[in-house]
Every structure is written in C-alpha cells, then in structure tokens.
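The structure file coords_30.pdb is reproduced below (PDB, C-alpha atoms).
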ATOM      1  CA  MET A   1     -48.190  -7.574  14.085  1.00  0.00           C
ATOM      2  CA  SER A   2     -45.151  -8.881  12.188  1.00  0.00           C
ATOM      3  CA  SER A   3     -43.362  -5.585  12.924  1.00  0.00           C
ATOM      4  CA  LEU A   4     -43.907  -6.111  16.653  1.00  0.00           C
ATOM      5  CA  LEU A   5     -42.670  -9.696  16.392  1.00  0.00           C
ATOM      6  CA  LEU A   6     -39.505  -8.521  14.612  1.00  0.00           C
ATOM      7  CA  LYS A   7     -38.846  -5.991  17.381  1.00  0.00           C
ATOM      8  CA  CYS A   8     -39.260  -8.701  20.023  1.00  0.00           C
ATOM      9  CA  LEU A   9     -36.911 -11.020  18.140  1.00  0.00           C
ATOM     10  CA  LEU A  10     -34.252  -8.293  17.905  1.00  0.00           C
ATOM     11  CA  GLY A  11     -34.435  -7.756  21.665  1.00  0.00           C
ATOM     12  CA  ALA A  12     -34.248 -11.486  22.358  1.00  0.00           C
ATOM     13  CA  LEU A  13     -31.277 -11.820  20.020  1.00  0.00           C
ATOM     14  CA  ALA A  14     -29.448  -9.039  21.849  1.00  0.00           C
ATOM     15  CA  VAL A  15     -30.046 -10.740  25.222  1.00  0.00           C
ATOM     16  CA  LEU A  16     -28.848 -14.078  23.837  1.00  0.00           C
ATOM     17  CA  LEU A  17     -25.716 -12.496  22.392  1.00  0.00           C
ATOM     18  CA  ILE A  18     -24.954 -10.775  25.710  1.00  0.00           C
ATOM     19  CA  ALA A  19     -25.374 -14.074  27.585  1.00  0.00           C
ATOM     20  CA  LEU A  20     -23.109 -15.941  25.180  1.00  0.00           C
ATOM     21  CA  LEU A  21     -20.427 -13.264  25.142  1.00  0.00           C
ATOM     22  CA  SER A  22     -20.418 -12.964  28.931  1.00  0.00           C
ATOM     23  CA  ARG A  23     -19.324 -16.607  29.102  1.00  0.00           C
ATOM     24  CA  SER A  24     -16.510 -16.219  26.581  1.00  0.00           C
ATOM     25  CA  LYS A  25     -12.882 -15.316  27.240  1.00  0.00           C
ATOM     26  CA  ASN A  26     -13.696 -11.881  25.776  1.00  0.00           C
ATOM     27  CA  TYR A  27     -16.568 -11.337  28.242  1.00  0.00           C
ATOM     28  CA  TYR A  28     -16.103  -7.545  28.163  1.00  0.00           C
ATOM     29  CA  ILE A  29     -17.484  -7.456  24.597  1.00  0.00           C
ATOM     30  CA  ALA A  30     -20.883  -8.114  26.199  1.00  0.00           C
ATOM     31  CA  GLY A  31     -20.743  -4.450  27.223  1.00  0.00           C
ATOM     32  CA  LEU A  32     -20.668  -3.420  23.569  1.00  0.00           C
ATOM     33  CA  VAL A  33     -23.825  -5.290  22.549  1.00  0.00           C
ATOM     34  CA  PRO A  34     -26.280  -2.966  24.354  1.00  0.00           C
ATOM     35  CA  LEU A  35     -24.739  -0.094  22.398  1.00  0.00           C
ATOM     36  CA  PHE A  36     -25.673  -1.648  19.066  1.00  0.00           C
ATOM     37  CA  PRO A  37     -28.371   0.716  17.834  1.00  0.00           C
ATOM     38  CA  THR A  38     -31.160  -1.898  17.691  1.00  0.00           C
ATOM     39  CA  PHE A  39     -33.735   0.272  19.405  1.00  0.00           C
ATOM     40  CA  ALA A  40     -32.311   3.478  17.964  1.00  0.00           C
ATOM     41  CA  LEU A  41     -32.836   2.042  14.473  1.00  0.00           C
ATOM     42  CA  ILE A  42     -36.449   1.282  15.338  1.00  0.00           C
ATOM     43  CA  ALA A  43     -37.004   4.720  16.887  1.00  0.00           C
ATOM     44  CA  HIS A  44     -35.318   6.525  14.003  1.00  0.00           C
ATOM     45  CA  ALA A  45     -37.286   4.575  11.398  1.00  0.00           C
ATOM     46  CA  ILE A  46     -40.556   5.438  13.143  1.00  0.00           C
ATOM     47  CA  VAL A  47     -39.726   9.113  13.769  1.00  0.00           C
ATOM     48  CA  GLY A  48     -38.236   9.581  10.284  1.00  0.00           C
ATOM     49  CA  GLY A  49     -41.179   7.854   8.636  1.00  0.00           C
ATOM     50  CA  GLU A  50     -43.922   9.535  10.641  1.00  0.00           C
ATOM     51  CA  ARG A  51     -42.457  12.964  11.397  1.00  0.00           C
ATOM     52  CA  GLY A  52     -39.777  13.861   8.862  1.00  0.00           C
ATOM     53  CA  ALA A  53     -36.102  14.767   8.580  1.00  0.00           C
ATOM     54  CA  ALA A  54     -36.101  17.740  10.981  1.00  0.00           C
ATOM     55  CA  GLU A  55     -37.632  15.677  13.784  1.00  0.00           C
ATOM     56  CA  LEU A  56     -35.253  12.814  13.010  1.00  0.00           C
ATOM     57  CA  ARG A  57     -32.319  15.213  13.427  1.00  0.00           C
ATOM     58  CA  THR A  58     -33.718  16.393  16.768  1.00  0.00           C
ATOM     59  CA  THR A  59     -34.175  12.785  17.857  1.00  0.00           C
ATOM     60  CA  ALA A  60     -30.573  12.000  16.895  1.00  0.00           C
ATOM     61  CA  LEU A  61     -29.295  15.047  18.790  1.00  0.00           C
ATOM     62  CA  PHE A  62     -31.276  14.041  21.858  1.00  0.00           C
ATOM     63  CA  GLY A  63     -29.849  10.539  21.486  1.00  0.00           C
ATOM     64  CA  LEU A  64     -26.344  12.010  21.633  1.00  0.00           C
ATOM     65  CA  CYS A  65     -27.279  13.887  24.796  1.00  0.00           C
ATOM     66  CA  ALA A  66     -28.753  10.661  26.191  1.00  0.00           C
ATOM     67  CA  LEU A  67     -25.243   9.217  26.243  1.00  0.00           C
ATOM     68  CA  LEU A  68     -24.567  11.391  29.304  1.00  0.00           C
ATOM     69  CA  PRO A  69     -26.967   9.503  31.634  1.00  0.00           C
ATOM     70  CA  TYR A  70     -25.534   6.244  30.286  1.00  0.00           C
ATOM     71  CA  ALA A  71     -22.022   7.480  31.111  1.00  0.00           C
ATOM     72  CA  VAL A  72     -23.228   8.346  34.624  1.00  0.00           C
ATOM     73  CA  TYR A  73     -24.577   4.792  34.944  1.00  0.00           C
ATOM     74  CA  LEU A  74     -21.308   3.232  33.765  1.00  0.00           C
ATOM     75  CA  LEU A  75     -19.208   5.425  36.045  1.00  0.00           C
ATOM     76  CA  ALA A  76     -21.431   4.465  38.992  1.00  0.00           C
ATOM     77  CA  VAL A  77     -21.084   0.752  38.175  1.00  0.00           C
ATOM     78  CA  PHE A  78     -17.319   1.138  37.811  1.00  0.00           C
ATOM     79  CA  TRP A  79     -16.930   2.998  41.101  1.00  0.00           C
ATOM     80  CA  LEU A  80     -19.487   1.095  43.194  1.00  0.00           C
ATOM     81  CA  SER A  81     -18.657  -2.429  42.002  1.00  0.00           C
ATOM     82  CA  VAL A  82     -15.762  -2.754  44.462  1.00  0.00           C
ATOM     83  CA  ARG A  83     -17.677  -1.084  47.291  1.00  0.00           C
ATOM     84  CA  LEU A  84     -21.161  -2.657  47.231  1.00  0.00           C
ATOM     85  CA  SER A  85     -22.824  -5.956  46.414  1.00  0.00           C
ATOM     86  CA  LEU A  86     -23.863  -6.582  42.821  1.00  0.00           C
ATOM     87  CA  ALA A  87     -27.532  -5.860  43.542  1.00  0.00           C
ATOM     88  CA  ALA A  88     -26.739  -2.645  45.431  1.00  0.00           C
ATOM     89  CA  THR A  89     -24.303  -1.549  42.724  1.00  0.00           C
ATOM     90  CA  LEU A  90     -26.828  -2.060  39.930  1.00  0.00           C
ATOM     91  CA  ALA A  91     -29.683  -0.495  41.906  1.00  0.00           C
ATOM     92  CA  SER A  92     -27.568   2.548  42.774  1.00  0.00           C
ATOM     93  CA  ALA A  93     -26.275   2.914  39.228  1.00  0.00           C
ATOM     94  CA  THR A  94     -29.817   2.671  37.893  1.00  0.00           C
ATOM     95  CA  MET A  95     -30.897   5.388  40.309  1.00  0.00           C
ATOM     96  CA  ALA A  96     -27.969   7.533  39.157  1.00  0.00           C
ATOM     97  CA  TRP A  97     -29.072   7.000  35.534  1.00  0.00           C
ATOM     98  CA  THR A  98     -32.649   7.943  36.466  1.00  0.00           C
ATOM     99  CA  VAL A  99     -31.528  11.176  38.134  1.00  0.00           C
ATOM    100  CA  ALA A 100     -29.222  12.055  35.219  1.00  0.00           C
ATOM    101  CA  ALA A 101     -31.962  11.274  32.687  1.00  0.00           C
ATOM    102  CA  GLY A 102     -34.422  13.423  34.646  1.00  0.00           C
ATOM    103  CA  ILE A 103     -31.962  16.307  34.619  1.00  0.00           C
ATOM    104  CA  LEU A 104     -31.439  15.835  30.877  1.00  0.00           C
ATOM    105  CA  LEU A 105     -35.199  15.921  30.268  1.00  0.00           C
ATOM    106  CA  LEU A 106     -35.616  19.044  32.370  1.00  0.00           C
ATOM    107  CA  LEU A 107     -32.771  20.835  30.616  1.00  0.00           C
ATOM    108  CA  TRP A 108     -33.918  19.705  27.170  1.00  0.00           C
ATOM    109  CA  SER A 109     -37.508  20.828  27.722  1.00  0.00           C
ATOM    110  CA  ARG A 110     -36.298  24.172  29.064  1.00  0.00           C
ATOM    111  CA  PHE A 111     -33.609  25.031  26.528  1.00  0.00           C
ATOM    112  CA  VAL A 112     -34.678  23.269  23.309  1.00  0.00           C
ATOM    113  CA  PRO A 113     -37.835  24.822  21.864  1.00  0.00           C
ATOM    114  CA  ALA A 114     -40.590  22.442  20.770  1.00  0.00           C
ATOM    115  CA  GLY A 115     -40.367  21.652  17.095  1.00  0.00           C
ATOM    116  CA  ASN A 116     -36.551  21.823  16.982  1.00  0.00           C
TER
END
Would you encode the structure as structure tokens?
Amino acid sequence: MSSLLLKCLLGALAVLLIALLSRSKNYYIAGLVPLFPTFALIAHAIVGGERGAAELRTTALFGLCALLPYAVYLLAVFWLSVRLSLAATLASATMAWTVAAGILLLLWSRFVPAGN
C-alpha cells in the first residue's frame, strides 16, 4: 500500500510542478517535466525486479521507440495550435498519438519476437 501511495505522490508532485512552472517567466520548462522518467523509473524497477535484465533491456528499447508517438503528438500540437482551438488541438494531437502508438504496437508485435 505504501508503494502505491508513493506512486500517487510522485504523480501529484509532477502535476504541481507543471502548474507552477507554467505560471513562471520560463513557462516552457513545464514541457520538460513530463519527460522526467517518473513512470519509467517505476516501470523499470518493476520489470527489472520481476522479469530480469533481458526484459528490462527490451522495455528500455521499446521506451525509446515510444518517443516516436510522443514526437507525433508534439508536432501535431505545434502545427495545430495556430489553426484550431485549444480543445480541438489537444484532442487532435491525442488522436494522432493514439494512431502512432497503435502503429508502433503493431510493428513491434510483428517484428520483435516475444522474449526479446
């Protein structure tokens, strides 16, 4: 239970930091906070502890590939932000991320054998 509480506190801290930074003169730094590996640390600790080094390496490699859907999301936000409302921009960018992530999952499951 304390592990779950710690995970919740880390998430809440990240949201608080984003909110505070977005109000500062260096508001753009708020875009760096979600890239702090809070959840990656949790995932890697669990996978490394429960599965082993080979699976941790595969998880890290997949994490690198997962940067591609995030890049698609950011490019969509960048391009759509001057063309659509905030809500439409974020909804469209989220849909673009979902499509890119789906493609990544399909390609990964097809070309990366299970256990690697």
Practice task
Just the residues within 10 Å of Thr38 (chain A), please, counting all atoms listed in the file, with nothing from its chain fewer than 5 positions along; format it as a VMD selection string.
Solution key: chain A and resid 7 10 to 11 14 33 43
A straight line from CA of Leu67 (chain A) to CA of Gly52 (chain A) spans 23.1 Å
Point-to-point distance in Å for CA of Ile103 (chain A) and CA of Pro37 (chain A):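 It comes out at 23.2 Å.
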Quiz item: Leu75 (chain A): which residues within 9 Å, counting only C-alpha atoms, same-chain residues fewer than 5 positions away excluded, as a ChimeraX atom specification?
Solution: /A:70,80,93
Closest of A:Tyr73, A:Phe78, A:Tyr27, A:Trp108 to Leu61 (chain A), counting all atoms listed in the file, is A:Trp108
Of A:Ala91, A:Ile18, A:Thr58, A:Ala12, the one sitting nearest Leu35 (chain A) when using only C-alpha atoms is A:Ile18
Matched chain/residue IDs from the PyMOL selection byres ((chain A and resi 69) around 9), as a PDB file with C-alpha atoms, keeping the file's coordinate frame:
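Result file expr_34.pdb:
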ATOM      1  CA  CYS A  65     -27.279  13.887  24.796  1.00  0.00           C
ATOM      2  CA  ALA A  66     -28.753  10.661  26.191  1.00  0.00           C
ATOM      3  CA  LEU A  67     -25.243   9.217  26.243  1.00  0.00           C
ATOM      4  CA  LEU A  68     -24.567  11.391  29.304  1.00  0.00           C
ATOM      5  CA  TYR A  70     -25.534   6.244  30.286  1.00  0.00           C
ATOM      6  CA  ALA A  71     -22.022   7.480  31.111  1.00  0.00           C
ATOM      7  CA  VAL A  72     -23.228   8.346  34.624  1.00  0.00           C
ATOM      8  CA  TYR A  73     -24.577   4.792  34.944  1.00  0.00           C
ATOM      9  CA  LEU A  74     -21.308   3.232  33.765  1.00  0.00           C
ATOM     10  CA  ALA A  96     -27.969   7.533  39.157  1.00  0.00           C
ATOM     11  CA  TRP A  97     -29.072   7.000  35.534  1.00  0.00           C
ATOM     12  CA  THR A  98     -32.649   7.943  36.466  1.00  0.00           C
ATOM     13  CA  VAL A  99     -31.528  11.176  38.134  1.00  0.00           C
ATOM     14  CA  ALA A 100     -29.222  12.055  35.219  1.00  0.00           C
ATOM     15  CA  ALA A 101     -31.962  11.274  32.687  1.00  0.00           C
ATOM     16  CA  GLY A 102     -34.422  13.423  34.646  1.00  0.00           C
ATOM     17  CA  ILE A 103     -31.962  16.307  34.619  1.00  0.00           C
ATOM     18  CA  LEU A 104     -31.439  15.835  30.877  1.00  0.00           C
TER      19      LEU A 104
END
What separates CA of Ala40 (chain A) and CA of Arg110 (chain A) is a distance of 23.8 Å
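Considering the residues A:Ser109, A:Arg23, A:Leu90, A:Ala114 and counting only C-alpha atoms, Glu55 (chain A) has its shortest atom-to-atom contact with A:Ala114.
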One residue among A:Ser81, A:Ser24, A:Thr89, A:Thr59 is nearest to Val47 (chain A) when using all atoms listed in the file, and that residue is A:Thr59
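With all atoms listed in the file as the atoms that count, the residue of A:Leu64, A:Leu105, A:Val77, A:Cys8 with the shortest distance to Ile42 (chain A) is A:Cys8.
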### Message
For Arg57 (chain A), find every residue with an atom within 10 Å (counting all atoms listed in the file), except residues of its own chain fewer than 5 positions away, and show them as number ranges by chain.
### Response
A: 44, 47-48, 52, 62-63, 116
Using only the atoms of region 1-20 of chain A listed in the file, plus 6 Å on each side, state the axis-aligned box centre and edge lengths in Å rounded to one decimal, as JSON.
{"center_x": -35.6, "center_y": -10.8, "center_z": 19.9, "size_x": 37.1, "size_y": 22.4, "size_z": 27.4}
With all atoms listed in the file as the atoms that count, which of A:Leu13, A:Ala45, A:Ala76, A:Leu32 lies nearest to Ser92 (chain A)?
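Using all atoms listed in the file, the shortest distance to Ser92 (chain A) belongs to A:Ala76.
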How would region 22-48 of chain A look with N, CA and C atoms restored, written as a PDB file, in the frame of the given file?
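Saved file selection_24.pdb follows:
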ATOM      1  N   SER A  22     -20.843 -13.073  27.530  1.00  0.00           N
ATOM      2  CA  SER A  22     -20.418 -12.964  28.931  1.00  0.00           C
ATOM      3  C   SER A  22     -19.738 -14.237  29.420  1.00  0.00           C
ATOM      4  N   ARG A  23     -19.950 -15.333  28.727  1.00  0.00           N
ATOM      5  CA  ARG A  23     -19.324 -16.607  29.102  1.00  0.00           C
ATOM      6  C   ARG A  23     -18.032 -16.878  28.338  1.00  0.00           C
ATOM      7  N   SER A  24     -17.698 -16.004  27.400  1.00  0.00           N
ATOM      8  CA  SER A  24     -16.510 -16.219  26.581  1.00  0.00           C
ATOM      9  C   SER A  24     -15.273 -15.608  27.248  1.00  0.00           C
ATOM     10  N   LYS A  25     -14.099 -15.898  26.678  1.00  0.00           N
ATOM     11  CA  LYS A  25     -12.882 -15.316  27.240  1.00  0.00           C
ATOM     12  C   LYS A  25     -12.840 -13.807  27.005  1.00  0.00           C
ATOM     13  N   ASN A  26     -13.586 -13.319  26.051  1.00  0.00           N
ATOM     14  CA  ASN A  26     -13.696 -11.881  25.776  1.00  0.00           C
ATOM     15  C   ASN A  26     -15.020 -11.352  26.333  1.00  0.00           C
ATOM     16  N   TYR A  27     -15.305 -11.680  27.579  1.00  0.00           N
ATOM     17  CA  TYR A  27     -16.568 -11.337  28.242  1.00  0.00           C
ATOM     18  C   TYR A  27     -16.905  -9.855  28.184  1.00  0.00           C
ATOM     19  N   TYR A  28     -15.895  -8.997  28.153  1.00  0.00           N
ATOM     20  CA  TYR A  28     -16.103  -7.545  28.163  1.00  0.00           C
ATOM     21  C   TYR A  28     -16.825  -7.058  26.906  1.00  0.00           C
ATOM     22  N   ILE A  29     -16.779  -7.841  25.821  1.00  0.00           N
ATOM     23  CA  ILE A  29     -17.484  -7.456  24.597  1.00  0.00           C
ATOM     24  C   ILE A  29     -18.994  -7.434  24.836  1.00  0.00           C
ATOM     25  N   ALA A  30     -19.460  -8.150  25.862  1.00  0.00           N
ATOM     26  CA  ALA A  30     -20.883  -8.114  26.199  1.00  0.00           C
ATOM     27  C   ALA A  30     -21.335  -6.699  26.523  1.00  0.00           C
ATOM     28  N   GLY A  31     -20.420  -5.849  26.953  1.00  0.00           N
ATOM     29  CA  GLY A  31     -20.743  -4.450  27.223  1.00  0.00           C
ATOM     30  C   GLY A  31     -20.934  -3.617  25.973  1.00  0.00           C
ATOM     31  N   LEU A  32     -20.500  -4.123  24.839  1.00  0.00           N
ATOM     32  CA  LEU A  32     -20.668  -3.420  23.569  1.00  0.00           C
ATOM     33  C   LEU A  32     -22.033  -3.705  22.938  1.00  0.00           C
ATOM     34  N   VAL A  33     -22.563  -4.888  23.178  1.00  0.00           N
ATOM     35  CA  VAL A  33     -23.825  -5.290  22.549  1.00  0.00           C
ATOM     36  C   VAL A  33     -24.979  -4.335  22.857  1.00  0.00           C
ATOM     37  N   PRO A  34     -25.162  -3.886  24.110  1.00  0.00           N
ATOM     38  CA  PRO A  34     -26.280  -2.966  24.354  1.00  0.00           C
ATOM     39  C   PRO A  34     -26.149  -1.644  23.606  1.00  0.00           C
ATOM     40  N   LEU A  35     -24.944  -1.338  23.127  1.00  0.00           N
ATOM     41  CA  LEU A  35     -24.739  -0.094  22.398  1.00  0.00           C
ATOM     42  C   LEU A  35     -25.005  -0.248  20.905  1.00  0.00           C
ATOM     43  N   PHE A  36     -25.256  -1.484  20.453  1.00  0.00           N
ATOM     44  CA  PHE A  36     -25.673  -1.648  19.066  1.00  0.00           C
ATOM     45  C   PHE A  36     -27.013  -0.944  18.924  1.00  0.00           C
ATOM     46  N   PRO A  37     -27.184  -0.147  17.896  1.00  0.00           N
ATOM     47  CA  PRO A  37     -28.371   0.716  17.834  1.00  0.00           C
ATOM     48  C   PRO A  37     -29.667   0.018  17.437  1.00  0.00           C
ATOM     49  N   THR A  38     -29.934  -1.162  18.005  1.00  0.00           N
ATOM     50  CA  THR A  38     -31.160  -1.898  17.691  1.00  0.00           C
ATOM     51  C   THR A  38     -32.392  -1.028  17.899  1.00  0.00           C
ATOM     52  N   PHE A  39     -32.537  -0.499  19.098  1.00  0.00           N
ATOM     53  CA  PHE A  39     -33.735   0.272  19.405  1.00  0.00           C
ATOM     54  C   PHE A  39     -33.662   1.670  18.804  1.00  0.00           C
ATOM     55  N   ALA A  40     -32.456   2.189  18.634  1.00  0.00           N
ATOM     56  CA  ALA A  40     -32.311   3.478  17.964  1.00  0.00           C
ATOM     57  C   ALA A  40     -32.749   3.364  16.504  1.00  0.00           C
ATOM     58  N   LEU A  41     -32.401   2.264  15.853  1.00  0.00           N
ATOM     59  CA  LEU A  41     -32.836   2.042  14.473  1.00  0.00           C
ATOM     60  C   LEU A  41     -34.357   2.035  14.381  1.00  0.00           C
ATOM     61  N   ILE A  42     -34.988   1.345  15.314  1.00  0.00           N
ATOM     62  CA  ILE A  42     -36.449   1.282  15.338  1.00  0.00           C
ATOM     63  C   ILE A  42     -37.031   2.677  15.565  1.00  0.00           C
ATOM     64  N   ALA A  43     -36.503   3.381  16.579  1.00  0.00           N
ATOM     65  CA  ALA A  43     -37.004   4.720  16.887  1.00  0.00           C
ATOM     66  C   ALA A  43     -36.785   5.673  15.722  1.00  0.00           C
ATOM     67  N   HIS A  44     -35.622   5.616  15.101  1.00  0.00           N
ATOM     68  CA  HIS A  44     -35.318   6.525  14.003  1.00  0.00           C
ATOM     69  C   HIS A  44     -36.166   6.217  12.774  1.00  0.00           C
ATOM     70  N   ALA A  45     -36.421   4.942  12.520  1.00  0.00           N
ATOM     71  CA  ALA A  45     -37.286   4.575  11.398  1.00  0.00           C
ATOM     72  C   ALA A  45     -38.705   5.090  11.621  1.00  0.00           C
ATOM     73  N   ILE A  46     -39.196   4.973  12.842  1.00  0.00           N
ATOM     74  CA  ILE A  46     -40.556   5.438  13.143  1.00  0.00           C
ATOM     75  C   ILE A  46     -40.630   6.958  13.072  1.00  0.00           C
ATOM     76  N   VAL A  47     -39.702   7.644  13.768  1.00  0.00           N
ATOM     77  CA  VAL A  47     -39.726   9.113  13.769  1.00  0.00           C
ATOM     78  C   VAL A  47     -39.506   9.646  12.358  1.00  0.00           C
ATOM     79  N   GLY A  48     -38.521   9.119  11.641  1.00  0.00           N
ATOM     80  CA  GLY A  48     -38.236   9.581  10.284  1.00  0.00           C
ATOM     81  C   GLY A  48     -39.389   9.324   9.331  1.00  0.00           C
TER      82      GLY A  48
END
